[in-house]
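K.L.:
Below is the file entry_38.txt, which contains compact mmCIF, C-alpha atoms.
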```
# COMPACT_ATOMS: atom_id res chain seq x y z
CA MET A 1 -18.99 -0.60 41.43
CA LEU A 2 -20.99 -3.85 41.23
CA CYS A 3 -24.64 -3.58 40.32
CA ALA A 4 -27.33 -6.26 40.30
CA LEU A 5 -31.02 -6.35 39.51
CA SER A 6 -33.39 -8.90 40.93
CA LYS A 7 -36.66 -10.01 39.36
CA SER A 8 -38.45 -7.93 41.96
CA SER A 9 -37.07 -4.76 40.40
CA THR A 10 -39.42 -1.80 40.47
CA TRP A 11 -38.52 -0.61 36.97
CA HIS A 12 -41.81 -0.45 35.04
CA GLU A 13 -40.67 1.05 31.72
CA ILE A 14 -41.82 -0.47 28.42
CA ASP A 15 -39.91 -3.57 27.33
CA LEU A 16 -38.06 -1.84 24.54
CA LEU A 17 -36.75 -5.00 22.94
CA LYS A 18 -40.34 -6.21 22.32
CA ARG A 19 -42.61 -4.72 19.71
CA PRO A 20 -45.67 -3.00 21.18
CA GLY A 21 -48.93 -4.19 19.69
CA ARG A 22 -47.50 -7.36 18.17
CA LYS A 23 -49.35 -10.58 18.90
CA GLU A 24 -47.58 -13.88 19.28
CA GLY A 25 -47.71 -15.88 16.09
CA SER A 26 -48.41 -12.87 13.85
CA ASN A 27 -46.46 -12.35 10.63
CA PRO A 28 -43.04 -10.80 11.24
CA VAL A 29 -42.83 -7.07 10.61
CA LYS A 30 -39.47 -5.61 9.70
CA GLN A 31 -39.03 -2.55 11.88
CA ILE A 32 -36.48 0.20 11.29
CA GLU A 33 -35.80 3.03 13.69
CA VAL A 34 -34.23 6.02 11.91
CA PHE A 35 -32.33 8.65 13.87
CA GLY A 36 -30.00 11.22 12.39
CA GLN A 37 -28.25 9.61 9.42
CA TYR A 38 -28.59 6.11 10.91
CA ALA A 39 -31.15 3.32 10.50
CA LEU A 40 -31.39 0.69 13.25
CA HIS A 41 -32.85 -2.56 11.90
CA LEU A 42 -34.40 -4.55 14.72
CA GLN A 43 -34.78 -7.98 13.15
CA PRO A 44 -32.01 -8.93 12.97
CA LEU A 45 -30.30 -6.14 14.89
CA LYS A 46 -27.95 -4.12 12.72
CA LEU A 47 -27.01 -0.45 12.35
CA MET A 48 -26.84 1.06 8.88
CA GLU A 49 -25.42 4.36 7.67
CA GLY A 50 -26.72 4.70 4.14
CA ARG A 51 -25.74 1.46 2.39
CA ARG A 52 -22.97 0.68 4.89
CA THR A 53 -23.44 -1.69 7.83
CA LEU A 54 -21.54 -0.57 10.92
CA ASN A 55 -19.61 -3.26 12.75
CA LEU A 56 -21.04 -3.43 16.28
CA SER A 57 -21.17 -6.28 18.79
CA GLN A 58 -24.50 -7.76 19.82
CA LYS A 59 -24.32 -6.14 23.28
CA LYS A 60 -23.74 -2.68 21.78
CA LEU A 61 -26.64 -3.16 19.37
CA GLU A 62 -28.98 -4.22 22.21
CA VAL A 63 -27.97 -1.21 24.32
CA LEU A 64 -28.48 1.10 21.34
CA ALA A 65 -31.90 -0.48 20.63
CA LEU A 66 -33.09 0.28 24.17
CA ILE A 67 -32.02 3.92 23.84
CA VAL A 68 -33.36 4.51 20.34
CA LYS A 69 -36.75 2.87 20.91
CA ALA A 70 -37.27 4.98 24.06
CA ARG A 71 -37.42 7.98 21.64
CA GLY A 72 -35.94 10.53 24.00
CA LYS A 73 -37.11 9.03 27.27
CA THR A 74 -34.47 8.16 29.86
CA VAL A 75 -33.56 4.49 30.05
CA PRO A 76 -32.39 3.62 33.60
CA LYS A 77 -29.19 1.68 34.10
CA GLU A 78 -31.19 -1.13 35.68
CA ALA A 79 -33.00 -1.65 32.39
CA PHE A 80 -29.74 -2.29 30.55
CA LEU A 81 -28.58 -4.74 33.20
CA GLU A 82 -31.88 -6.63 33.05
CA LYS A 83 -32.49 -6.61 29.31
CA VAL A 84 -28.93 -6.81 27.97
CA TRP A 85 -26.97 -8.54 30.72
CA GLN A 86 -29.99 -10.53 31.94
CA GLU A 87 -29.81 -9.64 35.62
CA SER A 88 -26.33 -11.10 36.04
CA PHE A 89 -23.81 -9.41 38.32
CA VAL A 90 -21.74 -7.17 36.10
CA GLU A 91 -19.53 -4.19 36.62
CA GLU A 92 -21.26 -0.92 35.83
CA GLY A 93 -18.08 -0.08 33.93
CA ASN A 94 -19.21 -2.53 31.21
CA LEU A 95 -22.23 -0.35 30.52
CA THR A 96 -20.17 2.84 30.69
CA GLN A 97 -17.61 1.42 28.26
CA THR A 98 -20.37 0.30 25.88
CA ILE A 99 -21.92 3.79 25.88
CA PHE A 100 -18.49 5.31 25.24
CA MET A 101 -17.88 3.03 22.23
CA LEU A 102 -21.36 3.76 20.84
CA ARG A 103 -20.74 7.51 21.05
CA LYS A 104 -17.42 7.05 19.28
CA THR A 105 -19.13 5.07 16.49
CA LEU A 106 -22.05 7.49 16.02
CA GLY A 107 -19.94 10.65 16.04
CA LYS A 108 -21.44 14.10 16.64
CA LEU A 109 -24.78 15.68 15.86
CA PRO A 110 -24.90 18.74 13.59
CA ASP A 111 -24.97 20.97 16.67
CA GLY A 112 -21.83 19.29 18.04
CA GLY A 113 -23.64 17.31 20.72
CA GLU A 114 -23.63 13.57 21.38
CA PHE A 115 -26.32 11.22 20.04
CA ILE A 116 -26.52 9.59 23.49
CA GLU A 117 -26.89 11.85 26.53
CA THR A 118 -26.09 10.92 30.13
CA ILE A 119 -28.75 11.80 32.71
CA PRO A 120 -26.90 11.89 36.08
CA ARG A 121 -27.99 9.17 38.55
CA LYS A 122 -30.76 8.10 36.17
CA GLY A 123 -29.50 6.63 32.93
CA TYR A 124 -29.16 7.44 29.25
CA ARG A 125 -31.38 8.83 26.50
CA LEU A 126 -31.28 9.75 22.82
CA ALA A 127 -30.51 13.46 22.37
CA ALA A 128 -33.51 15.71 21.67
CA HIS A 129 -31.95 16.94 18.43
CA ALA A 130 -31.78 13.36 17.13
CA VAL A 131 -35.35 12.69 18.28
CA GLY A 132 -36.73 15.87 16.71
CA LYS A 133 -36.49 16.73 13.05
CA HIS A 134 -33.83 14.08 12.43
CA PHE A 135 -35.83 11.24 14.03
CA LYS A 136 -38.24 9.18 11.99
CA ARG A 137 -39.81 5.80 12.50
CA SER A 138 -40.86 3.44 9.75
CA GLU A 139 -42.26 -0.07 9.64
CA ILE A 140 -41.94 -2.13 6.50
CA THR A 141 -44.02 -5.30 6.12
CA GLY A 142 -41.63 -7.26 3.92
CA GLU A 143 -42.80 -5.47 0.78
CA ARG A 144 -40.46 -3.16 -1.07
CA ARG A 145 -40.51 0.54 -0.45
CA SER A 146 -42.45 2.70 -2.85
CA ALA A 147 -41.27 3.10 -6.43
CA SER A 148 -40.70 6.81 -5.81
CA THR A 149 -38.18 6.00 -3.04
CA GLN A 150 -36.43 3.45 -5.26
CA MET A 151 -36.22 5.89 -8.13
CA SER A 152 -34.73 8.48 -5.81
CA GLU A 153 -31.99 6.10 -4.71
CA GLU A 154 -31.33 5.00 -8.28
CA GLU A 155 -31.08 8.60 -9.39
CA GLN A 156 -28.65 9.39 -6.58
CA PHE A 157 -26.53 6.40 -7.52
CA ARG A 158 -26.55 7.41 -11.19
CA LEU A 159 -25.44 10.93 -10.27
CA LEU A 160 -22.66 9.47 -8.13
CA VAL A 161 -21.38 7.27 -10.96
CA ASP A 162 -21.59 10.10 -13.50
CA SER A 163 -19.61 12.41 -11.22
CA ILE A 164 -16.58 10.09 -11.25
CA ALA A 165 -14.48 11.45 -14.11
CA ASP A 166 -11.25 9.46 -13.60
CA TYR A 167 -12.81 6.02 -14.03
CA ALA A 168 -14.86 4.59 -16.86
CA ILE A 169 -17.80 2.85 -15.17
CA TYR A 170 -20.34 1.11 -17.33
CA MET A 171 -22.57 -1.92 -17.43
CA LEU A 172 -22.87 -4.64 -20.05
CA ASP A 173 -25.72 -7.04 -20.68
CA TYR A 174 -25.08 -10.78 -20.50
CA ALA A 175 -23.91 -10.75 -24.18
CA GLY A 176 -21.38 -7.95 -23.65
CA ARG A 177 -23.38 -5.07 -25.13
CA VAL A 178 -22.99 -1.66 -23.44
CA ALA A 179 -26.04 -0.76 -21.32
CA THR A 180 -24.83 2.32 -19.38
CA TRP A 181 -22.05 4.86 -19.94
CA ASN A 182 -20.72 7.40 -17.42
CA ALA A 183 -18.81 10.66 -17.86
CA GLY A 184 -15.53 8.98 -16.96
CA ALA A 185 -16.00 6.49 -19.80
CA GLU A 186 -16.60 9.36 -22.19
CA ASN A 187 -13.48 11.17 -20.95
CA ASN A 188 -11.29 8.07 -21.22
CA THR A 189 -12.41 6.91 -24.64
CA GLY A 190 -13.88 9.94 -26.38
CA PHE A 191 -17.03 8.01 -27.29
CA LEU A 192 -20.40 9.62 -26.50
CA ARG A 193 -23.16 7.65 -24.81
CA GLU A 194 -25.29 7.44 -27.94
CA GLU A 195 -22.30 6.05 -29.88
CA VAL A 196 -21.71 3.07 -27.58
CA VAL A 197 -24.97 2.04 -25.88
CA GLY A 198 -26.14 -1.17 -27.56
CA GLN A 199 -22.71 -1.82 -29.12
CA HIS A 200 -20.49 -4.75 -28.13
CA PHE A 201 -17.71 -3.71 -25.74
CA SER A 202 -15.09 -5.29 -28.02
CA MET A 203 -15.13 -1.94 -29.88
CA PHE A 204 -12.73 -0.63 -27.20
CA PHE A 205 -10.12 -3.36 -27.81
CA VAL A 206 -7.10 -3.19 -30.11
CA PRO A 207 -7.34 -5.34 -33.29
CA GLU A 208 -4.85 -7.98 -32.17
CA ASP A 209 -6.83 -8.59 -28.94
CA ILE A 210 -10.07 -8.89 -30.90
CA GLU A 211 -8.41 -11.41 -33.19
CA SER A 212 -7.23 -13.35 -30.12
CA ARG A 213 -10.77 -13.25 -28.68
CA VAL A 214 -9.69 -11.42 -25.52
CA PRO A 215 -13.14 -9.80 -24.97
CA ASP A 216 -14.84 -13.21 -25.04
CA ARG A 217 -12.30 -14.57 -22.53
CA GLU A 218 -12.95 -11.66 -20.15
CA ILE A 219 -16.69 -12.31 -20.19
CA SER A 220 -16.17 -16.04 -19.77
CA ILE A 221 -13.84 -15.60 -16.77
CA ALA A 222 -16.12 -13.04 -15.10
CA ALA A 223 -19.17 -15.27 -15.57
CA ARG A 224 -17.36 -18.35 -14.26
CA ARG A 225 -15.36 -16.83 -11.38
CA GLY A 226 -17.46 -13.79 -10.54
CA ARG A 227 -14.90 -11.24 -11.66
CA CYS A 228 -12.07 -10.71 -14.13
CA VAL A 229 -9.16 -8.38 -13.34
CA GLY A 230 -6.26 -7.31 -15.53
CA GLU A 231 -4.48 -4.72 -17.63
CA GLY A 232 -4.11 -4.22 -21.36
CA TRP A 233 -4.13 -1.87 -24.32
CA ARG A 234 -7.43 -0.25 -25.27
CA ILE A 235 -8.33 2.14 -28.07
CA ARG A 236 -9.93 5.59 -28.03
CA LYS A 237 -12.37 7.00 -30.58
CA ASN A 238 -9.52 8.85 -32.35
CA GLY A 239 -7.55 5.60 -32.75
CA GLU A 240 -5.06 6.38 -29.97
CA ARG A 241 -4.07 3.48 -27.76
CA PHE A 242 -4.04 3.73 -23.98
CA TRP A 243 -3.04 1.33 -21.23
CA ALA A 244 -5.91 0.44 -18.92
CA SER A 245 -6.50 -1.55 -15.75
CA TYR A 246 -9.94 -3.07 -15.44
CA VAL A 247 -12.26 -5.02 -13.15
CA MET A 248 -15.25 -6.80 -14.64
CA THR A 249 -17.80 -8.17 -12.15
CA ALA A 250 -20.67 -10.52 -12.96
CA MET A 251 -24.14 -9.35 -11.89
CA ARG A 252 -26.70 -11.96 -10.95
CA THR A 253 -30.24 -12.04 -9.62
CA PRO A 254 -30.88 -13.41 -6.10
CA GLU A 255 -31.71 -16.70 -7.82
CA GLY A 256 -28.25 -16.74 -9.44
CA LYS A 257 -29.26 -15.88 -13.00
CA LEU A 258 -26.60 -13.91 -14.91
CA ILE A 259 -28.03 -10.58 -16.08
CA GLY A 260 -24.89 -8.70 -17.08
CA PHE A 261 -21.57 -7.28 -15.99
CA ALA A 262 -20.28 -4.14 -14.31
CA LYS A 263 -16.93 -2.88 -15.57
CA VAL A 264 -14.59 -0.30 -14.07
CA VAL A 265 -11.68 0.87 -16.25
CA ARG A 266 -8.86 3.23 -15.32
CA ASP A 267 -6.46 4.93 -17.73
CA LEU A 268 -2.89 4.07 -16.63
CA THR A 269 -1.12 5.26 -19.78
CA GLU A 270 1.18 7.74 -18.05
CA PRO A 271 2.23 5.36 -15.23
CA LYS A 272 2.76 2.70 -17.91
CA ARG A 273 5.01 5.02 -19.92
CA GLN A 274 7.00 5.89 -16.82
CA ALA A 275 7.34 2.22 -15.88
CA ASP A 276 8.44 1.29 -19.40
CA ALA A 277 10.96 4.15 -19.41
CA LEU A 278 12.30 2.96 -16.08
CA LEU A 279 12.64 -0.58 -17.40
CA ARG A 280 14.53 0.69 -20.45
CA MET A 281 16.82 2.74 -18.24
CA GLU A 282 17.43 -0.24 -15.98
CA ALA A 283 18.26 -2.35 -19.04
CA VAL A 284 20.77 0.27 -20.24
CA LEU A 285 22.32 0.51 -16.78
CA ARG A 286 22.47 -3.26 -16.54
CA ARG A 287 24.30 -3.48 -19.89
CA GLU A 288 26.71 -0.76 -18.83
CA ARG A 289 27.29 -2.47 -15.50
CA ASP A 290 27.96 -5.75 -17.26
CA ARG A 291 30.43 -4.04 -19.58
CA LEU A 292 32.22 -2.38 -16.68
CA HIS A 293 32.29 -5.67 -14.82
CA ALA A 294 33.75 -7.44 -17.84
CA ALA A 295 36.35 -4.68 -18.27
CA ALA A 296 37.23 -4.79 -14.57
CA GLU A 297 37.64 -8.56 -14.61
CA SER A 298 39.78 -8.49 -17.75
CA SER A 299 42.06 -5.78 -16.36
CA LEU A 300 45.56 -6.69 -15.20
CA ASP A 301 45.13 -4.32 -12.24
CA ALA A 302 43.37 -5.01 -8.97
CA LEU A 303 40.25 -2.83 -8.60
CA TYR A 304 38.83 -1.85 -5.22
CA ILE A 305 35.65 0.21 -4.79
CA CYS A 306 35.14 1.39 -1.23
CA GLU A 307 32.39 3.33 0.52
CA ALA A 308 33.24 5.81 3.27
CA VAL A 309 32.27 4.71 6.80
CA ARG A 310 31.39 7.77 8.85
CA ASP A 311 30.99 8.29 12.59
CA GLU A 312 28.08 10.08 14.28
CA ASN A 313 29.72 13.44 13.51
CA GLY A 314 30.03 12.65 9.81
CA GLU A 315 33.80 12.12 9.92
CA ILE A 316 35.28 9.30 7.84
CA GLU A 317 36.60 6.64 10.20
CA ASP A 318 37.21 3.81 7.71
CA PHE A 319 36.28 2.46 4.27
CA ALA A 320 34.12 -0.59 3.50
CA TYR A 321 34.80 -2.70 0.42
CA THR A 322 31.79 -2.79 -1.93
CA TYR A 323 33.40 -4.27 -5.06
CA LEU A 324 36.65 -6.16 -5.75
CA ASN A 325 37.69 -7.73 -9.01
CA SER A 326 39.38 -11.13 -9.20
CA ASN A 327 42.90 -9.65 -9.45
CA VAL A 328 42.66 -8.50 -5.84
CA GLU A 329 43.30 -12.07 -4.68
CA LYS A 330 46.58 -12.07 -6.63
CA MET A 331 47.90 -9.22 -4.51
CA VAL A 332 46.23 -9.90 -1.16
CA SER A 333 46.18 -13.23 0.68
CA ILE A 334 42.76 -12.50 2.24
CA PRO A 335 39.89 -14.10 0.24
CA ARG A 336 37.71 -11.70 -1.66
CA GLU A 337 34.49 -12.78 0.12
CA ILE A 338 36.05 -11.91 3.49
CA LEU A 339 37.22 -8.50 2.25
CA LEU A 340 33.71 -7.70 1.00
CA ARG A 341 32.31 -8.27 4.48
CA GLY A 342 34.83 -6.07 6.25
CA LYS A 343 36.51 -2.68 6.52
CA MET A 344 39.78 -1.59 4.95
CA CYS A 345 41.83 -0.63 8.00
CA GLU A 346 40.59 -3.53 10.11
CA LEU A 347 41.54 -6.17 7.52
CA LEU A 348 44.64 -4.41 6.11
CA PRO A 349 46.15 -2.24 8.88
CA VAL A 350 49.00 -1.33 6.51
CA ASN A 351 46.65 1.24 4.96
CA ARG A 352 46.60 3.18 8.21
CA THR A 353 50.21 2.61 9.35
CA GLN A 354 51.65 3.75 6.04
CA GLY A 355 49.36 6.77 5.73
CA PHE A 356 47.15 5.54 2.91
CA PHE A 357 43.93 5.91 4.89
CA ASP A 358 44.60 9.63 5.40
CA ALA A 359 45.40 9.98 1.69
CA TYR A 360 42.17 8.22 0.68
CA LYS A 361 40.18 10.34 3.11
CA LYS A 362 41.63 13.46 1.48
CA VAL A 363 40.57 12.18 -1.95
CA VAL A 364 36.94 11.98 -0.80
CA GLU A 365 37.05 15.41 0.85
CA THR A 366 38.84 17.30 -1.95
CA GLY A 367 38.17 15.25 -5.08
CA GLU A 368 41.90 15.32 -5.97
CA PRO A 369 43.28 11.94 -7.14
CA PHE A 370 46.07 10.20 -5.24
CA THR A 371 48.95 8.31 -6.94
CA ARG A 372 51.93 6.58 -5.37
CA GLU A 373 54.47 3.80 -5.94
CA PHE A 374 55.76 2.13 -2.78
CA PRO A 375 57.34 -1.02 -1.40
CA VAL A 376 55.05 -3.20 0.67
CA HIS A 377 56.04 -4.80 3.93
CA ALA A 378 52.86 -6.56 5.10
CA ARG A 379 52.23 -10.28 5.52
CA ASP A 380 48.74 -10.11 3.94
CA VAL A 381 50.02 -8.42 0.76
CA THR A 382 51.81 -10.77 -1.66
CA SER A 383 53.26 -8.06 -3.90
CA GLU A 384 56.56 -6.40 -3.02
CA TRP A 385 55.95 -3.19 -4.97
CA LEU A 386 52.62 -1.55 -5.87
CA HIS A 387 51.50 1.37 -7.97
CA VAL A 388 48.24 2.76 -6.52
CA ARG A 389 45.86 5.34 -7.93
CA ALA A 390 42.73 6.43 -6.03
CA VAL A 391 39.91 8.68 -7.30
CA ARG A 392 36.69 9.80 -5.65
CA PHE A 393 33.68 7.62 -6.44
CA GLU A 394 30.39 8.91 -4.98
CA ASP A 395 30.90 8.90 -1.18
CA GLY A 396 34.00 6.75 -1.38
CA ILE A 397 36.94 5.85 -3.58
CA ALA A 398 37.90 3.64 -6.49
CA ILE A 399 41.44 2.27 -6.24
CA THR A 400 43.48 0.58 -8.95
CA ALA A 401 46.58 -1.24 -7.79
CA SER A 402 49.26 -2.57 -10.14
CA ASP A 403 51.92 -5.07 -9.12
CA ILE A 404 55.16 -3.41 -10.26
CA THR A 405 57.49 -5.82 -8.45
CA GLU A 406 59.09 -7.16 -11.65
CA ARG A 407 59.61 -3.67 -13.04
CA LYS A 408 61.21 -2.51 -9.81
CA ARG A 409 63.47 -5.57 -9.74
CA ALA A 410 64.51 -4.91 -13.34
CA GLU A 411 65.18 -1.27 -12.47
CA GLN A 412 67.21 -2.37 -9.47
CA ARG A 413 69.26 -4.81 -11.55
CA ALA A 414 69.88 -2.14 -14.18
CA ALA A 415 70.98 0.28 -11.49
CA GLU A 416 73.33 -2.33 -10.02
CA LEU A 417 74.87 -3.03 -13.45
CA THR A 418 75.29 0.69 -14.04
CA ASP A 419 77.02 1.13 -10.68
CA ARG A 420 79.28 -1.83 -11.37
CA ALA A 421 80.25 -0.46 -14.80
CA HIS A 422 81.10 2.90 -13.26
CA GLN A 423 83.24 1.24 -10.61
CA GLU A 424 85.14 -0.81 -13.20
CA SER A 425 85.79 2.25 -15.35
CA PHE A 426 87.66 3.90 -12.47
CA ARG A 427 89.99 0.95 -11.85
```
The structure given in the file should be rewritten as structure tokens.

P.N.:
Amino acid sequence: MLCALSKSSTWHEIDLLKRPGRKEGSNPVKQIEVFGQYALHLQPLKLMEGRRTLNLSQKKLEVLALIVKARGKTVPKEAFLEKVWQESFVEEGNLTQTIFMLRKTLGKLPDGGEFIETIPRKGYRLAAHAVGKHFKRSEITGERRSASTQMSEEEQFRLLVDSIADYAIYMLDYAGRVATWNAGAENNTGFLREEVVGQHFSMFFVPEDIESRVPDREISIAARRGRCVGEGWRIRKNGERFWASYVMTAMRTPEGKLIGFAKVVRDLTEPKRQADALLRMEAVLRRERDRLHAAAESSLDALYICEAVRDENGEIEDFAYTYLNSNVEKMVSIPREILLRGKMCELLPVNRTQGFFDAYKKVVETGEPFTREFPVHARDVTSEWLHVRAVRFEDGIAITASDITERKRAEQRAAELTDRAHQESFR
């Protein structure tokens, strides 16, 4: 539905985007409207939840300002179209969508209701529960809030920092001396607050890092770049070393003067040990793999390692080559790089026609090795006789193939000589 508002509109509500009682040319007054857990700053418009600024578009903020400043009174739809959309022709759905997104951002009141209520055929208003005991209004004239309010916030922040036990969070002065010390820092290092405050933070570094002036470099980098991030060995009160990740951030006044550093340190000793153990294991496996590779390449036999290829029912339908040593090319005319990209029965159909595929499949299913000597009649196989042994290897097989052509020829010649000698002895 299209809605429009002319300048002759009969809406006579207060102009909620202007400050009542303010004279033109007077000193600006920073106004904050507080409702529920939110604070709406009016100059410039922004919505805060504690220390966090909520990300809202300018239109949403202007709509919210009209509702909040009405303090429970109904704001007609015409007011939004005049004050926010400036009397232009807009779809009423724009306003409805904006209200929906605001409700989603604000969440629910303690009683489960919405912060923004719809008044049928009239407009929108701030819920009574938000206007009542949760709603407060304050005007601040550019001066800071009272010292009691500041102290309250500082105390809350200190309690928050002290409650974090997994991270060491502390502050340093511009020279690197410890100024604050939280419970997490005590847990991580074993040092009590009175033992470290006023001391240089290099006391937490291992001797070799102190000798290399690592603490000075951290301060220098943080001061120059704004922050310094890294990992390294640190030392506890009992002399034990631990691996820590850290972030050091420079703290400056609004004028840019360096006043100190904030440092957050996390103990990563156990993850470090696990990572180091994994690296050692990988090194051992790599050495073993290299040895096996060297042994496989120096072998006189051809070595095939194949992985089972299964259909959707889990049945083995073929084998894929995953490793072939160099001797394979002496027995098969197909290049090794082509074999490694293909499947056994597709590239060497002799495996299926002569029953080897079924034998290999049985090896995987039963774990029983397969051994056979046989003559080869296939154009892609250069050997005339092969001795093959297959064993199960994970979900596949490892096959060693020996070219026994010369032995078979020698055996055949010996058999022929024996037959000839027998024939001559009967003459």

K.L.:
Could you work out how far CA of Ile99 in chain A lies from CA of Thr74 in chain A, giving the answer in Å with one decimal?

P.N.:
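According to the coordinates, CA of Thr74 in chain A and CA of Ile99 in chain A are separated by 13.9 Å.
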
K.L.:
Which polymer residues have any atom within 8 Å of an atom of range 344-348 of chain A, counting all atoms listed in the file, with same-chain residues fewer than 5 positions away left out, as a PyMOL selection string?

P.N.:
chain A and resi 318-321+339+357+380

K.L.:
So the first atom is CA of Thr105 in chain A and the second is CA of Thr53 in chain A; what is the distance between them in Å, to one decimal place?

P.N.:
11.8 Å

K.L.:
Give the answer as one residue: which of A:Lys108, A:Arg266, A:Arg236, A:Lys60 has the shortest atom-to-atom distance to Phe204 in chain A, using only C-alpha atoms?

P.N.:
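Distance minimum relative to Phe204 in chain A lands on A:Arg236.
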
K.L.:
Ranking A:Pro120, A:Gly260, A:Gly112, A:Gly36 by minimum distance to Ile219 in chain A and counting only C-alpha atoms, which one comes first?

P.N.:
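Using only C-alpha atoms, Ile219 in chain A sits closest to A:Gly260.
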
K.L.:
With all atoms listed in the file as the basis for distance, which of A:Leu42, A:Ile259, A:Leu54, A:Leu126 is at the shortest distance from Ala179 in chain A?

P.N.:
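For Ala179 in chain A, the nearest of the given residues is A:Ile259.
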
K.L.:
So how far away is CA of Gly226 in chain A from CA of Tyr246 in chain A, in Å?

P.N.:
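Those two atoms sit 14.0 Å apart.
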
K.L.:
For a cut-off of 7 Å around (48.0, 1.9, -9.9), file coordinates, pick out all residues using only C-alpha atoms and list them as a PyMOL selection string.

P.N.:
chain A and resi 387-389+400-402

K.L.:
So which one's closest to Gln31 in chain A, A:Ser326, A:Lys237, A:Ala65, A:Glu416? Using all atoms listed in the file, please.

P.N.:
A:Ala65

K.L.:
Is it possible to get the residues within 8 Å of (-16.5, 2.2, -12.9) (coordinates as in the file, counting all atoms listed in the file) written as a list in words?

P.N.:
Val161, Tyr167, Ala168, Ile169, Tyr170, Gly184, Ala262, Lys263, Val264 and Val265 of chain A

K.L.:
Can you pull out every residue within 9 Å of Phe393 in chain A, counting only C-alpha atoms, but drop anything in the same chain fewer than 4 positions away, and send it as a ChimeraX atom specification?

P.N.:
/A:305-307,364,367,397-398

K.L.:
Can you work out which one of A:Phe191, A:Asn238, A:Phe261, A:Asp111 has the shortest atom-to-atom distance to Met171 in chain A, counting all atoms listed in the file?

P.N.:
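Closest to Met171 in chain A of all the choices is A:Phe261.
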
K.L.:
Give the answer as one residue: which of A:Trp243, A:Ala302, A:Arg224, A:Glu315 has the shortest atom-to-atom distance to Asp276 in chain A, using all atoms listed in the file?

P.N.:
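For Asp276 in chain A, the nearest of the candidates is A:Trp243.
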
K.L.:
Find the spatial neighbours of Met203 in chain A, counting only C-alpha atoms, within a cut-off of 10 Å - ignore same-chain residues fewer than 5 positions away - and output them as a PyMOL selection string.

P.N.:
chain A and resi 196+210+215+234-237
